[in-house]
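Text of protein.pdb, listed as PDB, C-alpha atoms (C1' of nucleotides):
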```pdb
ATOM      1  CA  MET A1448      68.316  89.777 122.803
ATOM      2  CA  GLU A1449      70.217  92.438 124.636
ATOM      3  CA  VAL A1450      69.282  95.106 122.142
ATOM      4  CA  THR A1451      66.872  97.855 123.125
ATOM      5  CA  ASN A1452      64.062  98.702 120.778
ATOM      6  CA  THR A1453      64.299 101.342 118.098
ATOM      7  CA  GLU A1454      62.229 103.843 120.016
ATOM      8  CA  ASP A1455      64.645 103.707 122.919
ATOM      9  CA  LYS A1456      67.659 104.000 120.698
ATOM     10  CA  LYS A1457      66.402 107.127 119.011
ATOM     11  CA  LEU A1458      65.436 108.784 122.244
ATOM     12  CA  ASN A1459      68.361 107.658 124.293
ATOM     13  CA  PRO A1460      71.212 106.285 122.261
ATOM     14  CA  GLU A1461      73.514 106.572 125.261
ATOM     15  CA  LYS A1462      71.793 103.527 126.674
ATOM     16  CA  ASN A1463      73.619 101.406 124.176
ATOM     17  CA  LEU A1464      76.996 102.580 125.275
ATOM     18  CA  HIS A1465      77.661  99.891 127.796
ATOM     19  CA  LEU A1466      76.824  97.314 125.177
ATOM     20  CA  ILE A1467      79.162  98.951 122.740
ATOM     21  CA  PHE A1468      81.948  98.971 125.266
ATOM     22  CA  ALA A1469      81.242  95.448 126.321
ATOM     23  CA  ARG A1470      81.777  94.356 122.762
ATOM     24  CA  ALA A1471      84.753  96.624 122.398
ATOM     25  CA  ARG A1472      86.543  94.736 125.125
ATOM     26  CA  ASN A1473      85.535  91.368 123.825
ATOM     27  CA  GLN A1474      88.425  90.069 121.809
ATOM     28  CA  GLU A1475      86.528  87.206 120.255
ATOM     29  CA  LEU A1476      83.745  89.181 118.648
ATOM     30  CA  ALA A1477      84.694  92.456 117.054
ATOM     31  CA  CYS A1478      83.185  95.689 118.291
ATOM     32  CA  PRO A1479      80.830  96.888 115.550
ATOM     33  CA  VAL A1480      81.782 100.500 115.938
ATOM     34  CA  ARG A1481      85.482  99.870 115.834
ATOM     35  CA  ASP A1482      84.986  97.462 113.038
ATOM     36  CA  VAL A1483      82.960  99.724 110.796
ATOM     37  CA  ILE A1484      85.018 102.782 111.637
ATOM     38  CA  HIS A1485      88.137 100.879 110.828
ATOM     39  CA  ARG A1486      86.759  99.858 107.498
ATOM     40  CA  ILE A1487      85.608 103.286 106.407
ATOM     41  CA  SER A1488      88.546 105.058 107.953
ATOM     42  CA  ASP A1489      91.087 104.185 105.339
ATOM     43  CA  LYS A1490      92.005 106.803 102.827
ATOM     44  CA  TRP A1491      89.634 105.793 100.045
ATOM     45  CA  SER A1492      86.614 103.817 101.260
ATOM     46  CA  LEU A1493      84.374 106.736 102.094
ATOM     47  CA  LEU A1494      85.340 108.560  98.960
ATOM     48  CA  SER A1495      84.484 105.501  96.899
ATOM     49  CA  ILE A1496      81.147 105.156  98.642
ATOM     50  CA  LEU A1497      80.382 108.812  98.076
ATOM     51  CA  ALA A1498      81.384 108.618  94.435
ATOM     52  CA  LEU A1499      79.230 105.566  93.782
ATOM     53  CA  GLY A1500      76.411 107.134  95.734
ATOM     54  CA  SER A1501      76.439 110.270  93.671
ATOM     55  CA  ARG A1502      77.018 108.681  90.293
ATOM     56  CA  GLY A1503      75.156 105.386  90.626
ATOM     57  CA  THR A1504      77.109 102.782  88.699
ATOM     58  CA  LEU A1505      80.726 103.276  87.692
ATOM     59  CA  ARG A1506      83.405 101.343  85.891
ATOM     60  CA  PHE A1507      86.787 100.915  87.461
ATOM     61  CA  ASN A1508      88.485 103.721  85.601
ATOM     62  CA  GLU A1509      85.488 106.040  85.879
ATOM     63  CA  LEU A1510      85.632 105.611  89.627
ATOM     64  CA  LYS A1511      89.363 106.164  89.597
ATOM     65  CA  LYS A1512      88.891 109.370  87.634
ATOM     66  CA  GLU A1513      86.074 110.533  89.889
ATOM     67  CA  ILE A1514      88.154 110.167  93.025
ATOM     68  CA  GLY A1515      91.123 111.695  91.328
ATOM     69  CA  ASP A1516      94.285 110.899  93.171
ATOM     70  CA  VAL A1517      93.894 107.280  94.147
ATOM     71  CA  SER A1518      96.375 104.757  92.857
ATOM     72  CA  GLN A1519      95.253 101.744  90.903
ATOM     73  CA  ARG A1520      96.391  99.410  93.614
ATOM     74  CA  MET A1521      94.625 101.171  96.452
ATOM     75  CA  LEU A1522      91.378 101.487  94.548
ATOM     76  CA  THR A1523      91.479  97.767  93.857
ATOM     77  CA  VAL A1524      92.196  96.951  97.485
ATOM     78  CA  THR A1525      89.494  99.340  98.657
ATOM     79  CA  LEU A1526      86.868  97.937  96.332
ATOM     80  CA  ARG A1527      87.709  94.373  97.317
ATOM     81  CA  ASN A1528      87.198  95.231 100.956
ATOM     82  CA  LEU A1529      83.953  97.050 100.304
ATOM     83  CA  GLU A1530      82.781  94.087  98.266
ATOM     84  CA  THR A1531      83.733  91.645 100.995
ATOM     85  CA  ASP A1532      81.755  93.608 103.541
ATOM     86  CA  GLY A1533      78.762  93.747 101.239
ATOM     87  CA  PHE A1534      78.787  97.473 100.551
ATOM     88  CA  VAL A1535      79.329  97.272  96.807
ATOM     89  CA  THR A1536      78.678  94.734  94.101
ATOM     90  CA  ARG A1537      81.215  93.982  91.424
ATOM     91  CA  THR A1538      79.903  92.872  88.059
ATOM     92  CA  LEU A1539      82.306  91.525  85.480
ATOM     93  CA  PHE A1540      81.199  91.562  81.863
ATOM     94  CA  PRO A1541      83.288  88.938  80.065
ATOM     95  CA  GLU A1542      84.051  91.040  77.058
ATOM     96  CA  VAL A1543      87.321  91.970  75.396
ATOM     97  CA  PRO A1544      88.492  94.312  76.721
ATOM     98  CA  PRO A1545      86.835  93.464  80.032
ATOM     99  CA  ARG A1546      84.273  95.764  81.605
ATOM    100  CA  VAL A1547      83.673  95.855  85.348
ATOM    101  CA  GLU A1548      80.902  97.819  86.964
ATOM    102  CA  TYR A1549      80.625  98.784  90.596
ATOM    103  CA  THR A1550      77.481  99.854  92.379
ATOM    104  CA  LEU A1551      76.263 100.253  95.935
ATOM    105  CA  THR A1552      74.238  97.538  97.638
ATOM    106  CA  ASP A1553      71.377  98.472  99.965
ATOM    107  CA  LEU A1554      73.806  98.063 102.821
ATOM    108  CA  GLY A1555      76.201 100.380 101.036
ATOM    109  CA  LYS A1556      73.461 102.939 100.591
ATOM    110  CA  GLY A1557      72.859 102.775 104.316
ATOM    111  CA  LEU A1558      76.507 103.492 104.913
ATOM    112  CA  LEU A1559      76.275 106.310 102.397
ATOM    113  CA  GLN A1560      73.522 107.913 104.416
ATOM    114  CA  GLN A1561      75.668 107.740 107.532
ATOM    115  CA  ALA A1562      78.591 109.157 105.603
ATOM    116  CA  LEU A1563      76.487 112.049 104.327
ATOM    117  CA  LEU A1564      75.291 112.868 107.814
ATOM    118  CA  LEU A1565      78.853 112.815 109.016
ATOM    119  CA  ALA A1566      79.979 114.873 106.043
ATOM    120  CA  ASP A1567      77.386 117.517 106.743
ATOM    121  CA  TRP A1568      78.343 117.684 110.373
ATOM    122  CA  ALA A1569      82.020 117.838 109.461
ATOM    123  CA  ASN A1570      81.379 120.667 107.050
ATOM    124  CA  ASP A1571      79.600 122.652 109.706
ATOM    125  CA  ALA A1572      82.100 121.885 112.438
ATOM    126  CA  LEU A1573      85.230 122.527 110.428
ATOM    127  CA  PRO A1574      85.625 126.256 111.116
ATOM    128  CA  GLU A1575      85.495 125.621 114.836
ATOM    129  CA  ILE A1576      88.015 122.801 114.543
ATOM    130  CA  VAL A1577      90.384 124.898 112.484
ATOM    131  CA  GLU A1578      90.062 127.717 114.980
ATOM    132  CA  SER A1579      90.877 125.394 117.846
ATOM    133  CA  ARG A1580      93.923 124.014 116.057
ATOM    134  CA  LYS A1581      95.294 127.508 115.565
ATOM    135  CA  LYS A1582      95.342 128.099 119.310
ATOM    136  CA  PHE A1583      97.480 125.047 119.889
ATOM    137  CA  THR A1584      99.926 125.589 117.068
ATOM    138  CA  LYS A1585     100.676 129.024 118.459
ATOM    139  CA  LYS A1586     101.596 127.577 121.818
TER     140      LYS A1586
ATOM    141  CA  MET B 773      78.957 131.302 100.023
ATOM    142  CA  GLU B 774      78.766 128.105  98.095
ATOM    143  CA  VAL B 775      76.965 126.292 100.864
ATOM    144  CA  THR B 776      73.331 125.342 100.434
ATOM    145  CA  ASN B 777      70.947 126.148 103.243
ATOM    146  CA  THR B 778      70.142 123.765 106.043
ATOM    147  CA  GLU B 779      66.760 122.882 104.632
ATOM    148  CA  ASP B 780      68.333 121.722 101.407
ATOM    149  CA  LYS B 781      70.980 119.722 103.157
ATOM    150  CA  LYS B 782      68.497 117.785 105.228
ATOM    151  CA  LEU B 783      66.264 117.062 102.288
ATOM    152  CA  ASN B 784      68.918 116.413  99.740
ATOM    153  CA  PRO B 785      72.354 115.874 101.200
ATOM    154  CA  GLU B 786      73.560 114.504  97.876
ATOM    155  CA  LYS B 787      73.574 118.050  96.591
ATOM    156  CA  ASN B 788      76.667 118.688  98.636
ATOM    157  CA  LEU B 789      78.598 115.895  97.041
ATOM    158  CA  HIS B 790      80.207 117.891  94.335
ATOM    159  CA  LEU B 791      81.378 120.368  96.919
ATOM    160  CA  ILE B 792      82.789 117.584  99.019
ATOM    161  CA  PHE B 793      84.655 116.186  96.065
ATOM    162  CA  ALA B 794      85.853 119.565  94.996
ATOM    163  CA  ARG B 795      87.439 120.010  98.374
ATOM    164  CA  ALA B 796      88.708 116.467  98.424
ATOM    165  CA  ARG B 797      90.772 117.167  95.328
ATOM    166  CA  ASN B 798      91.987 120.480  96.595
ATOM    167  CA  GLN B 799      95.385 119.893  98.084
ATOM    168  CA  GLU B 800      95.672 123.288  99.740
ATOM    169  CA  LEU B 801      92.566 123.182 101.876
ATOM    170  CA  ALA B 802      91.748 119.892 103.505
ATOM    171  CA  CYS B 803      88.494 118.149 102.718
ATOM    172  CA  PRO B 804      86.402 118.364 105.878
ATOM    173  CA  VAL B 805      85.128 114.851 105.546
ATOM    174  CA  ARG B 806      88.530 113.330 105.030
ATOM    175  CA  ASP B 807      89.904 115.492 107.733
ATOM    176  CA  VAL B 808      87.356 114.625 110.375
ATOM    177  CA  ILE B 809      87.215 110.995 109.355
ATOM    178  CA  HIS B 810      90.956 110.820 109.558
ATOM    179  CA  ARG B 811      90.937 112.268 113.023
ATOM    180  CA  ILE B 812      88.236 110.017 114.425
ATOM    181  CA  SER B 813      89.333 106.992 112.471
ATOM    182  CA  ASP B 814      92.330 106.135 114.561
ATOM    183  CA  LYS B 815      91.957 103.257 116.901
ATOM    184  CA  TRP B 816      91.069 105.203 120.042
ATOM    185  CA  SER B 817      89.489 108.597 119.317
ATOM    186  CA  LEU B 818      85.907 107.454 118.947
ATOM    187  CA  LEU B 819      86.193 105.157 121.921
ATOM    188  CA  SER B 820      87.501 108.022 124.015
ATOM    189  CA  ILE B 821      84.673 110.270 122.875
ATOM    190  CA  LEU B 822      82.126 107.581 123.657
ATOM    191  CA  ALA B 823      83.650 106.931 127.066
ATOM    192  CA  LEU B 824      83.648 110.603 127.997
ATOM    193  CA  GLY B 825      80.159 110.962 126.601
ATOM    194  CA  SER B 826      78.792 108.187 128.728
ATOM    195  CA  ARG B 827      80.683 108.974 131.909
ATOM    196  CA  GLY B 828      80.886 112.757 131.816
ATOM    197  CA  THR B 829      84.236 113.716 133.284
ATOM    198  CA  LEU B 830      87.065 111.254 133.676
ATOM    199  CA  ARG B 831      90.626 111.278 134.930
ATOM    200  CA  PHE B 832      93.390 109.877 132.785
ATOM    201  CA  ASN B 833      93.525 106.473 134.404
ATOM    202  CA  GLU B 834      89.765 106.202 134.696
ATOM    203  CA  LEU B 835      89.522 106.778 130.975
ATOM    204  CA  LYS B 836      92.274 104.268 130.369
ATOM    205  CA  LYS B 837      90.460 101.708 132.454
ATOM    206  CA  GLU B 838      87.142 102.430 130.745
ATOM    207  CA  ILE B 839      88.563 101.847 127.303
ATOM    208  CA  GLY B 840      90.424  98.818 128.502
ATOM    209  CA  ASP B 841      93.181  97.868 126.161
ATOM    210  CA  VAL B 842      94.661 101.178 125.126
ATOM    211  CA  SER B 843      98.303 101.807 125.909
ATOM    212  CA  GLN B 844      99.316 104.783 127.995
ATOM    213  CA  ARG B 845     101.147 106.327 125.101
ATOM    214  CA  MET B 846      98.303 106.017 122.616
ATOM    215  CA  LEU B 847      95.749 107.413 125.023
ATOM    216  CA  THR B 848      97.981 110.406 125.606
ATOM    217  CA  VAL B 849      98.443 110.966 121.886
ATOM    218  CA  THR B 850      94.734 110.536 121.260
ATOM    219  CA  LEU B 851      93.710 112.969 123.975
ATOM    220  CA  ARG B 852      96.212 115.569 122.752
ATOM    221  CA  ASN B 853      94.732 115.384 119.271
ATOM    222  CA  LEU B 854      91.176 115.587 120.535
ATOM    223  CA  GLU B 855      92.148 118.559 122.660
ATOM    224  CA  THR B 856      93.848 120.285 119.734
ATOM    225  CA  ASP B 857      90.753 119.878 117.601
ATOM    226  CA  GLY B 858      88.571 121.250 120.379
ATOM    227  CA  PHE B 859      86.656 118.078 121.188
ATOM    228  CA  VAL B 860      87.821 117.690 124.776
ATOM    229  CA  THR B 861      89.118 119.964 127.482
ATOM    230  CA  ARG B 862      92.027 119.017 129.664
ATOM    231  CA  THR B 863      92.089 120.416 133.176
ATOM    232  CA  LEU B 864      95.191 120.024 135.281
ATOM    233  CA  PHE B 865      94.828 120.356 139.041
ATOM    234  CA  PRO B 866      98.261 121.262 140.390
ATOM    235  CA  GLU B 867      98.194 118.850 143.273
ATOM    236  CA  VAL B 868     100.596 116.155 144.378
ATOM    237  CA  PRO B 869     100.051 113.639 142.929
ATOM    238  CA  PRO B 870      98.686 115.500 139.918
ATOM    239  CA  ARG B 871      95.077 115.134 138.863
ATOM    240  CA  VAL B 872      93.950 115.675 135.291
ATOM    241  CA  GLU B 873      90.338 115.647 134.215
ATOM    242  CA  TYR B 874      89.020 115.262 130.723
ATOM    243  CA  THR B 875      85.563 116.216 129.516
ATOM    244  CA  LEU B 876      83.780 116.821 126.230
ATOM    245  CA  THR B 877      83.356 120.304 124.831
ATOM    246  CA  ASP B 878      80.160 121.267 123.041
ATOM    247  CA  LEU B 879      81.911 120.466 119.803
ATOM    248  CA  GLY B 880      82.878 117.108 121.239
ATOM    249  CA  LYS B 881      79.287 116.452 122.206
ATOM    250  CA  GLY B 882      78.311 117.152 118.624
ATOM    251  CA  LEU B 883      80.809 114.594 117.480
ATOM    252  CA  LEU B 884      79.465 112.222 120.102
ATOM    253  CA  GLN B 885      76.014 112.488 118.598
ATOM    254  CA  GLN B 886      77.414 111.606 115.200
ATOM    255  CA  ALA B 887      79.351 108.755 116.723
ATOM    256  CA  LEU B 888      76.256 107.409 118.428
ATOM    257  CA  LEU B 889      74.281 107.506 115.202
ATOM    258  CA  LEU B 890      77.097 105.690 113.486
ATOM    259  CA  ALA B 891      77.393 103.221 116.345
ATOM    260  CA  ASP B 892      73.709 102.423 116.192
ATOM    261  CA  TRP B 893      73.832 101.935 112.480
ATOM    262  CA  ALA B 894      76.939  99.777 112.790
ATOM    263  CA  ASN B 895      75.290  97.645 115.438
ATOM    264  CA  ASP B 896      72.324  97.044 113.196
ATOM    265  CA  ALA B 897      74.369  96.452 110.085
ATOM    266  CA  LEU B 898      76.923  94.128 111.622
ATOM    267  CA  PRO B 899      75.119  90.811 111.102
ATOM    268  CA  GLU B 900      74.769  91.560 107.425
ATOM    269  CA  ILE B 901      78.426  92.541 107.151
ATOM    270  CA  VAL B 902      79.571  89.410 108.950
ATOM    271  CA  GLU B 903      77.372  87.313 106.716
ATOM    272  CA  SER B 904      78.830  88.908 103.623
ATOM    273  CA  ARG B 905      82.367  88.348 104.831
ATOM    274  CA  LYS B 906      81.691  84.658 105.325
ATOM    275  CA  LYS B 907      80.813  84.260 101.675
ATOM    276  CA  PHE B 908      84.124  85.673 100.586
ATOM    277  CA  THR B 909      86.315  83.809 103.025
ATOM    278  CA  LYS B 910      84.843  80.554 101.763
ATOM    279  CA  LYS B 911      85.803  81.364  98.214
TER     280      LYS B 911
ATOM    281  C1'  DC C 429      90.474  97.600  80.582
ATOM    282  C1'  DA C 430      91.053  95.963  84.944
ATOM    283  C1'  DG C 431      93.548  93.974  87.472
ATOM    284  C1'  DA C 432      97.661  90.992  90.143
ATOM    285  C1'  DA C 433     102.316  90.778  92.167
ATOM    286  C1'  DT C 434     106.265  92.655  94.179
ATOM    287  C1'  DC C 435     109.000  96.043  96.475
ATOM    288  C1'  DC C 436     109.805  99.904  99.385
ATOM    289  C1'  DG C 437     109.337 104.074 102.325
ATOM    290  C1'  DA C 438     106.349 106.456 105.603
ATOM    291  C1'  DA C 439     103.314 106.489 109.267
ATOM    292  C1'  DA C 440     100.814 104.392 113.056
ATOM    293  C1'  DA C 441     100.841 101.881 117.064
ATOM    294  C1'  DG C 442     102.739  98.885 120.885
ATOM    295  C1'  DA C 443     106.292  97.799 124.626
ATOM    296  C1'  DT C 444     109.327  99.406 127.832
ATOM    297  C1'  DA C 445     111.773 102.432 130.908
ATOM    298  C1'  DC C 446     112.033 106.711 133.121
ATOM    299  C1'  DT C 447     110.168 111.289 135.647
ATOM    300  C1'  DG C 448     108.018 115.778 138.021
TER     301       DG C 448
ATOM    302  C1'  DC D 464      99.178 110.054 138.845
ATOM    303  C1'  DA D 465      99.956 111.378 134.528
ATOM    304  C1'  DG D 466     102.632 111.620 131.693
ATOM    305  C1'  DT D 467     107.616 111.662 128.280
ATOM    306  C1'  DA D 468     111.204 109.491 125.609
ATOM    307  C1'  DT D 469     112.924 105.858 123.026
ATOM    308  C1'  DC D 470     112.780 101.747 120.463
ATOM    309  C1'  DT D 471     110.626  98.136 117.800
ATOM    310  C1'  DT D 472     106.881  96.185 115.258
ATOM    311  C1'  DT D 473     103.049  96.545 112.281
ATOM    312  C1'  DT D 474     100.281  98.533 108.867
ATOM    313  C1'  DC D 475      99.396 101.615 105.043
ATOM    314  C1'  DG D 476      99.940 103.237 100.705
ATOM    315  C1'  DG D 477     102.529 104.563  96.458
ATOM    316  C1'  DA D 478     105.475 103.176  92.307
ATOM    317  C1'  DT D 479     106.464  99.887  89.115
ATOM    318  C1'  DT D 480     106.067  95.882  86.249
ATOM    319  C1'  DC D 481     103.421  92.303  84.195
ATOM    320  C1'  DT D 482      98.986  89.875  82.273
ATOM    321  C1'  DG D 483      94.264  87.755  80.450
TER     322       DG D 483
END
```
Please express what this file holds, its structure, as C-alpha cells.
Amino acid sequence: MEVTNTEDKKLNPEKNLHLIFARARNQELACPVRDVIHRISDKWSLLSILALGSRGTLRFNELKKEIGDVSQRMLTVTLRNLETDGFVTRTLFPEVPPRVEYTLTDLGKGLLQQALLLADWANDALPEIVESRKKFTKK
Amino acid sequence: MEVTNTEDKKLNPEKNLHLIFARARNQELACPVRDVIHRISDKWSLLSILALGSRGTLRFNELKKEIGDVSQRMLTVTLRNLETDGFVTRTLFPEVPPRVEYTLTDLGKGLLQQALLLADWANDALPEIVESRKKFTKK
DNA sequence: CAGAATCCGAAAAGATACTG
DNA sequence: CAGTATCTTTTCGGATTCTG
C-alpha cells in the first residue's frame, strides 16, 4: 500500500498531500477529500449529522423540526445520500401511520467527530474572518 | 460570553451543539459552521489551501498547474474569496509581465490543519463509503 | 407520517474571447 | 502573466401536489 502509517500521519500529515493530489487528478477514482467535502458541503448534510449526533435517534419530522428551516424534499434527499454513503441508517417500522427512525452509523459518528472539530475551529476563527471581510467590503 | 472554555470543548464538544444550532437558526448572524463549510465546500477552495500548504508560496499559474483541472475563472474567484476571508495573501509585483504570489496566512494555516485532519479521515473512511454506495446502486 | 414526483428560479461553474 | 467580461450549461434547492 501507498499509505503511510498512523504515526507518520499524525506527526506529518503533509506527507499525504501528494497522494491526495494524485487522486484529485485521477478522473477514474474520486479524490476522497473532494468526495467527502462535496457530500457534507451541501446545505443540510452537516446539520443533519449534528442533529442526529446530539439527539441520538430521530424520526423524520423530529429531525425536520430540529433543523428548522429545511424543506421536506431537501431533508429527504439529504438523508438518502447520507444513507447511501453509510453515515446514517434508516429504519422503517411498518405501522399505520408509518414511523421511520434515523440514527448515525459508526462511520457517521466518525464524520460527526470531524464535523465537531471543524465546528469548534470555525467558532474560534469566525471573528478573524469577519474582520477580514470588513476590510474588503470597504474597498 | 456563552462560550464554554477550551477544556470543556476538547472533552465534550457536544456541549456546543445547542449553541451551533441556535446560531444556525438565527438568520441575522450567520452560523459559523455553515459559513465556513460553505466557503470551503466549493469545488476548489480546499484544494487551493492544500496546494499552498504543501508548496508554500505559489504564483497564479503554478497554483493552477498544481490543482490541475481548475479553470482560470474559477481559480480567480476562489482566490478572491479566500483572500477576502483572510486565508491567503495576494502579493502583486508590479513588473512586466506581472507576477502575483499567493501564500497562506496564519488563519489559512489553521484551516489547512483542519483540512488535513479531514483529508486523513476521508482517506481512511473512503473504502467503507464506497462499499456502502455499492449496496445501494445494486438495489 | 413520510415520502415521491414535478416544476421552476437562483446560483454555481465551465468555455471562450479579450486585455493591461 | 494574470487576470476580466460575457455567455452558456449544470446543479441546487424551494414550492406545490399527490400517495400508501
key: Atomic distance CA of Met1521 in chain A - C1' of DA430 in chain C, expressed in Å with one decimal   = 13.1 Å
Tell me, counting all atoms listed in the file, for each residue of chain B within 12 Å of chain C, which pair of atoms is nearest and how far apart they are in Å to one decimal, in rows ordered by chain and increasing number, as JSON lines.
```
{"residue": "B:Ser813", "atom": "CA", "partner": "C:DA440", "partner_atom": "C1'", "distance": 11.8}
{"residue": "B:Asp814", "atom": "CA", "partner": "C:DA440", "partner_atom": "C1'", "distance": 8.8}
{"residue": "B:Lys815", "atom": "CA", "partner": "C:DA441", "partner_atom": "C1'", "distance": 9.0}
{"residue": "B:Trp816", "atom": "CA", "partner": "C:DA441", "partner_atom": "C1'", "distance": 10.7}
{"residue": "B:Asp841", "atom": "CA", "partner": "C:DG442", "partner_atom": "C1'", "distance": 11.0}
{"residue": "B:Val842", "atom": "CA", "partner": "C:DG442", "partner_atom": "C1'", "distance": 9.4}
{"residue": "B:Ser843", "atom": "CA", "partner": "C:DG442", "partner_atom": "C1'", "distance": 7.3}
{"residue": "B:Gln844", "atom": "CA", "partner": "C:DG442", "partner_atom": "C1'", "distance": 9.9}
{"residue": "B:Arg845", "atom": "CA", "partner": "C:DG442", "partner_atom": "C1'", "distance": 8.7}
{"residue": "B:Met846", "atom": "CA", "partner": "C:DA441", "partner_atom": "C1'", "distance": 7.4}
{"residue": "B:Leu847", "atom": "CA", "partner": "C:DA441", "partner_atom": "C1'", "distance": 10.9}
{"residue": "B:Val849", "atom": "CA", "partner": "C:DA441", "partner_atom": "C1'", "distance": 10.6}
{"residue": "B:Thr850", "atom": "CA", "partner": "C:DA441", "partner_atom": "C1'", "distance": 11.4}
{"residue": "B:Pro866", "atom": "CA", "partner": "C:DG448", "partner_atom": "C1'", "distance": 11.4}
{"residue": "B:Glu867", "atom": "CA", "partner": "C:DG448", "partner_atom": "C1'", "distance": 11.6}
{"residue": "B:Val868", "atom": "CA", "partner": "C:DG448", "partner_atom": "C1'", "distance": 9.8}
{"residue": "B:Pro869", "atom": "CA", "partner": "C:DG448", "partner_atom": "C1'", "distance": 9.6}
{"residue": "B:Pro870", "atom": "CA", "partner": "C:DG448", "partner_atom": "C1'", "distance": 9.5}
```
request  = Would you mind listing what lies within 9 Å of Gly1557 in chain A as a list in words, with all atoms listed in the file counted and same-chain residues fewer than 3 positions away left out?
outcome  = Phe1534, Thr1552, Asp1553, Leu1554, Gln1560, Gln1561 and Ala1562 of chain A; Trp893 and Ala897 of chain B
query = So which residues get picked by the PyMOL selection byres ((chain B) within 8 of (chain A)) here, written as a count of residues only?
reply = 42
Could you produce a table of the residues of chain D lying within 9 Å of chain B, with the nearest pair of atoms per residue and their separation in Å rounded to one decimal, using all atoms listed in the file, ordered by chain and increasing residue number, as a tab-separated table?
```
residue	atom	partner	partner_atom	distance
D:DC464	C1'	B:Pro869	CA	5.5
D:DA465	C1'	B:Pro870	CA	6.9
D:DG466	C1'	B:Thr848	CA	7.8
D:DT467	C1'	B:Arg845	CA	9.0
```
request  = Would you mind reading off the distance between CA of Ser1495 in chain A and CA of Lys1511 in chain A, one decimal, in Å?
outcome  = 8.8 Å
Produce the centre coordinates and the three edge lengths, each in Å to one decimal, of the box along x, y and z that contains all listed atoms of range 475-482 of chain D with 3 Å added on each side, as JSON.
```
{"center_x": 102.7, "center_y": 97.2, "center_z": 93.7, "size_x": 13.5, "size_y": 20.7, "size_z": 28.8}
```
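Taking CA of Arg827 in chain B as the reference point, CA of Phe865 in chain B is found at 19.5 Å.
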